[in-house]
Amino acid sequence: ETYQVDNSVLQSSSSGVIYRSSPELGAIRAGSPVARFGSFVEGRILSQKWLKAEGGYLPLRIRGAPILELQVGLKKLMKEKNIKQCPSCRQGIEKRKGCDHMTCKCGAQFCYICGADYLGPGGIFAVGNHVHAESCRHYRPFP
């Protein structure tokens, strides 16, 4: 089943939830992957406390707050409607017309096609169009 990593109740300042190597709260290894808030994870519920996903184990709640929300069909619908997620806040964004340079409510600016960042020291504005994915129509090799 598909779940979305949700921060609406927890209101954490972190970027996501660290995968555990086993279903124990302390089972975090250095370099463990993170399930970013707003991202989708595929997995199955093991108990009332844990989800077993491809990256490891995720707790269903942190400090009593639910962090995984079952999303029956949402991921499929977003793909069908060509709705992308902001790479910064993970909010869904639908392009109806205009160029591929998107500005999210959170302030992030990114390419709708490949998700490349426009801002920051490594962004498109700072270093050029080689920041786009090579498969993106806006990509240009570094001169």
# chains A, B, ... in the order shown; residues from 1 in each chain; ligands from 1
>>> select_by_dssp(residues="region 14-128 of chain A", states="alpha helix (DSSP H)", output="list in words")
Leu74, Lys75, Lys76, Leu77, Met78, Lys79, Glu80, Ile124, Phe125, Ala126 and Val127 of chain A
>>> closest_atom_pairs(of="region 76-108 of chain A", to="region 2-14 of chain A", cutoff="12 Å", atoms="only C-alpha atoms", output="JSON lines")
{"residue": "A:Lys76", "atom": "CA", "partner": "A:Thr2", "partner_atom": "CA", "distance": 9.9}
{"residue": "A:Cys89", "atom": "CA", "partner": "A:Asn7", "partner_atom": "CA", "distance": 10.4}
{"residue": "A:Arg90", "atom": "CA", "partner": "A:Val5", "partner_atom": "CA", "distance": 10.0}
{"residue": "A:Gln91", "atom": "CA", "partner": "A:Asp6", "partner_atom": "CA", "distance": 11.1}
>>> closest_atom_pairs(of="region 3-33 of chain A", to="region 48-57 of chain A", cutoff="10 Å", atoms="only C-alpha atoms", output="JSON lines")
{"residue": "A:Tyr3", "atom": "CA", "partner": "A:Leu51", "partner_atom": "CA", "distance": 9.5}
{"residue": "A:Ile18", "atom": "CA", "partner": "A:Tyr57", "partner_atom": "CA", "distance": 8.7}
{"residue": "A:Tyr19", "atom": "CA", "partner": "A:Gly56", "partner_atom": "CA", "distance": 5.4}
{"residue": "A:Arg20", "atom": "CA", "partner": "A:Tyr57", "partner_atom": "CA", "distance": 4.9}
{"residue": "A:Ser21", "atom": "CA", "partner": "A:Gly56", "partner_atom": "CA", "distance": 5.5}
{"residue": "A:Ser22", "atom": "CA", "partner": "A:Tyr57", "partner_atom": "CA", "distance": 6.1}
{"residue": "A:Pro23", "atom": "CA", "partner": "A:Tyr57", "partner_atom": "CA", "distance": 5.8}
{"residue": "A:Glu24", "atom": "CA", "partner": "A:Tyr57", "partner_atom": "CA", "distance": 8.5}
{"residue": "A:Leu25", "atom": "CA", "partner": "A:Tyr57", "partner_atom": "CA", "distance": 9.5}
{"residue": "A:Ala27", "atom": "CA", "partner": "A:Tyr57", "partner_atom": "CA", "distance": 9.2}
{"residue": "A:Ile28", "atom": "CA", "partner": "A:Tyr57", "partner_atom": "CA", "distance": 9.9}
{"residue": "A:Ser32", "atom": "CA", "partner": "A:Gly55", "partner_atom": "CA", "distance": 8.8}
{"residue": "A:Pro33", "atom": "CA", "partner": "A:Gly55", "partner_atom": "CA", "distance": 7.0}
>>> closest_atom_pairs(of="region 53-95 of chain A", to="region 111-115 of chain A", cutoff="8 Å", atoms="only C-alpha atoms", output="tab-separated table")
residue	atom	partner	partner_atom	distance
A:Lys84	CA	A:Tyr112	CA	7.2
A:Cys86	CA	A:Gly115	CA	7.7
A:Pro87	CA	A:Gly115	CA	6.6
A:Lys95	CA	A:Tyr112	CA	7.9
>>> closest_residue(among="A:Ala116, A:Ala35, A:Ile93, A:Ile62", to="Val131 (chain A)", atoms="only C-alpha atoms")
A:Ala116
>>> atom_distance(atom1="CA of Gly73 (chain A)", atom2="CA of His132 (chain A)")
29.5 Å
>>> atom_distance(atom1="CA of Glu80 (chain A)", atom2="CA of Gly92 (chain A)")
13.1 Å
>>> select_by_dssp(residues="chain A", states="strand (DSSP E)", output="NGL selection string")
:A and (2-5 or 16-18 or 34-36 or 40-45 or 50-53 or 56-59 or 61-62 or 65-66 or 68-70 or 83-85 or 92-94 or 101-103 or 109-111)
>>> write_last_selection(atoms="N, CA and C atoms", output="short mmCIF file (atom, residue, chain, number, x, y, z; two decimals), in the first residue's frame")
data_model
loop_
_atom_site.label_atom_id
_atom_site.label_comp_id
_atom_site.auth_asym_id
_atom_site.auth_seq_id
_atom_site.Cartn_x
_atom_site.Cartn_y
_atom_site.Cartn_z
N THR A 2 0.33 2.34 -0.47
CA THR A 2 1.07 3.60 -0.55
C THR A 2 0.69 4.51 0.59
N TYR A 3 1.71 5.07 1.25
CA TYR A 3 1.53 6.00 2.36
C TYR A 3 2.29 7.29 2.05
N GLN A 4 1.79 8.40 2.57
CA GLN A 4 2.50 9.65 2.44
C GLN A 4 3.04 10.03 3.82
N VAL A 5 4.32 10.41 3.86
CA VAL A 5 4.95 10.81 5.11
C VAL A 5 4.41 12.21 5.44
N GLY A 16 12.32 15.12 7.50
CA GLY A 16 11.66 13.84 7.32
C GLY A 16 11.89 12.90 8.48
N VAL A 17 11.64 11.61 8.21
CA VAL A 17 11.74 10.57 9.23
C VAL A 17 12.83 9.59 8.81
N ILE A 18 13.72 9.25 9.73
CA ILE A 18 14.83 8.34 9.43
C ILE A 18 14.32 6.90 9.45
N VAL A 34 16.44 8.79 4.70
CA VAL A 34 15.35 9.57 5.29
C VAL A 34 14.15 9.55 4.36
N ALA A 35 12.96 9.32 4.92
CA ALA A 35 11.71 9.45 4.17
C ALA A 35 11.27 10.90 4.35
N ARG A 36 11.40 11.71 3.31
CA ARG A 36 11.10 13.14 3.40
C ARG A 36 9.61 13.36 3.62
N PHE A 40 6.12 9.79 -0.88
CA PHE A 40 5.33 8.57 -0.83
C PHE A 40 6.23 7.38 -0.54
N VAL A 41 5.75 6.46 0.28
CA VAL A 41 6.48 5.22 0.56
C VAL A 41 5.52 4.05 0.36
N GLU A 42 6.06 2.99 -0.17
CA GLU A 42 5.31 1.75 -0.35
C GLU A 42 5.69 0.82 0.79
N GLY A 43 4.72 0.18 1.39
CA GLY A 43 5.03 -0.73 2.47
C GLY A 43 3.81 -1.42 3.03
N ARG A 44 4.06 -2.22 4.07
CA ARG A 44 2.96 -2.92 4.73
C ARG A 44 3.09 -2.74 6.23
N ILE A 45 1.95 -2.63 6.89
CA ILE A 45 1.91 -2.46 8.33
C ILE A 45 2.33 -3.77 9.00
N TRP A 50 4.65 -0.03 13.47
CA TRP A 50 5.67 0.00 12.43
C TRP A 50 5.14 -0.31 11.04
N LEU A 51 5.77 0.33 10.05
CA LEU A 51 5.56 0.05 8.63
C LEU A 51 6.86 -0.52 8.09
N LYS A 52 6.78 -1.63 7.38
CA LYS A 52 7.95 -2.21 6.72
C LYS A 52 7.95 -1.69 5.29
N ALA A 53 8.96 -0.90 4.95
CA ALA A 53 9.10 -0.33 3.62
C ALA A 53 10.41 -0.81 3.01
N GLY A 56 13.56 0.28 4.86
CA GLY A 56 13.70 -0.15 6.25
C GLY A 56 12.37 -0.05 6.97
N TYR A 57 12.41 0.30 8.23
CA TYR A 57 11.20 0.40 9.05
C TYR A 57 10.92 1.86 9.39
N LEU A 58 9.64 2.24 9.34
CA LEU A 58 9.22 3.57 9.74
C LEU A 58 8.20 3.46 10.85
N PRO A 59 8.33 4.31 11.88
CA PRO A 59 7.31 4.30 12.93
C PRO A 59 6.03 4.92 12.39
N ARG A 61 3.89 6.47 14.35
CA ARG A 61 3.68 7.67 15.16
C ARG A 61 5.00 8.12 15.77
N ILE A 62 5.13 9.42 15.95
CA ILE A 62 6.26 9.99 16.69
C ILE A 62 5.68 10.92 17.74
N ALA A 65 2.03 11.50 17.55
CA ALA A 65 1.47 12.09 16.34
C ALA A 65 1.60 11.13 15.17
N PRO A 66 0.53 10.90 14.42
CA PRO A 66 0.62 10.04 13.24
C PRO A 66 1.49 10.69 12.17
N LEU A 68 2.29 8.75 9.09
CA LEU A 68 2.05 8.10 7.81
C LEU A 68 0.56 8.11 7.52
N GLU A 69 0.20 8.59 6.34
CA GLU A 69 -1.20 8.67 5.96
C GLU A 69 -1.42 7.80 4.73
N LEU A 70 -2.34 6.85 4.84
CA LEU A 70 -2.66 5.97 3.72
C LEU A 70 -3.21 6.80 2.57
N ILE A 83 0.50 16.01 -11.99
CA ILE A 83 0.73 16.89 -10.84
C ILE A 83 2.08 16.53 -10.24
N LYS A 84 2.96 17.52 -10.10
CA LYS A 84 4.29 17.30 -9.54
C LYS A 84 4.32 17.77 -8.10
N GLN A 85 5.32 17.32 -7.36
CA GLN A 85 5.51 17.77 -5.99
C GLN A 85 6.66 18.76 -5.93
N GLY A 92 1.69 19.41 -3.77
CA GLY A 92 1.36 19.12 -5.16
C GLY A 92 1.16 20.40 -5.96
N ILE A 93 1.71 20.43 -7.17
CA ILE A 93 1.59 21.60 -8.05
C ILE A 93 1.16 21.12 -9.43
N GLU A 94 0.11 21.74 -9.95
CA GLU A 94 -0.40 21.40 -11.28
C GLU A 94 -0.12 22.55 -12.23
N HIS A 101 9.11 27.08 -15.44
CA HIS A 101 9.71 27.65 -14.22
C HIS A 101 8.57 27.85 -13.22
N MET A 102 8.58 27.04 -12.16
CA MET A 102 7.50 27.07 -11.18
C MET A 102 7.97 27.77 -9.90
N THR A 103 7.05 28.50 -9.26
CA THR A 103 7.29 29.10 -7.96
C THR A 103 6.21 28.58 -7.02
N GLN A 109 11.69 27.69 -6.13
CA GLN A 109 11.55 27.84 -7.57
C GLN A 109 12.25 26.66 -8.22
N PHE A 110 11.55 25.99 -9.12
CA PHE A 110 12.10 24.77 -9.71
C PHE A 110 11.55 24.54 -11.11
N CYS A 111 12.22 23.67 -11.85
CA CYS A 111 11.78 23.27 -13.18
C CYS A 111 10.67 22.24 -13.05
#
>>> residues_around(residues="Leu119 (chain A)", least_positions_apart="5", cutoff="8 Å", atoms="only C-alpha atoms", output="compact mmCIF listing (two decimals) with N, CA and C atoms, in the first residue's frame")
# COMPACT_ATOMS: atom_id res chain seq x y z
N ALA A 108 10.01 28.14 -2.99
CA ALA A 108 10.94 27.38 -3.84
C ALA A 108 10.64 27.66 -5.31
N GLN A 109 11.69 27.69 -6.13
CA GLN A 109 11.55 27.84 -7.57
C GLN A 109 12.25 26.66 -8.22
N ILE A 124 20.03 27.08 -10.98
CA ILE A 124 20.07 27.47 -12.39
C ILE A 124 20.45 28.94 -12.54
N PHE A 125 19.87 29.83 -11.71
CA PHE A 125 20.21 31.26 -11.81
C PHE A 125 21.69 31.50 -11.55
N ALA A 126 22.30 30.73 -10.67
CA ALA A 126 23.69 30.96 -10.29
C ALA A 126 24.68 30.33 -11.28
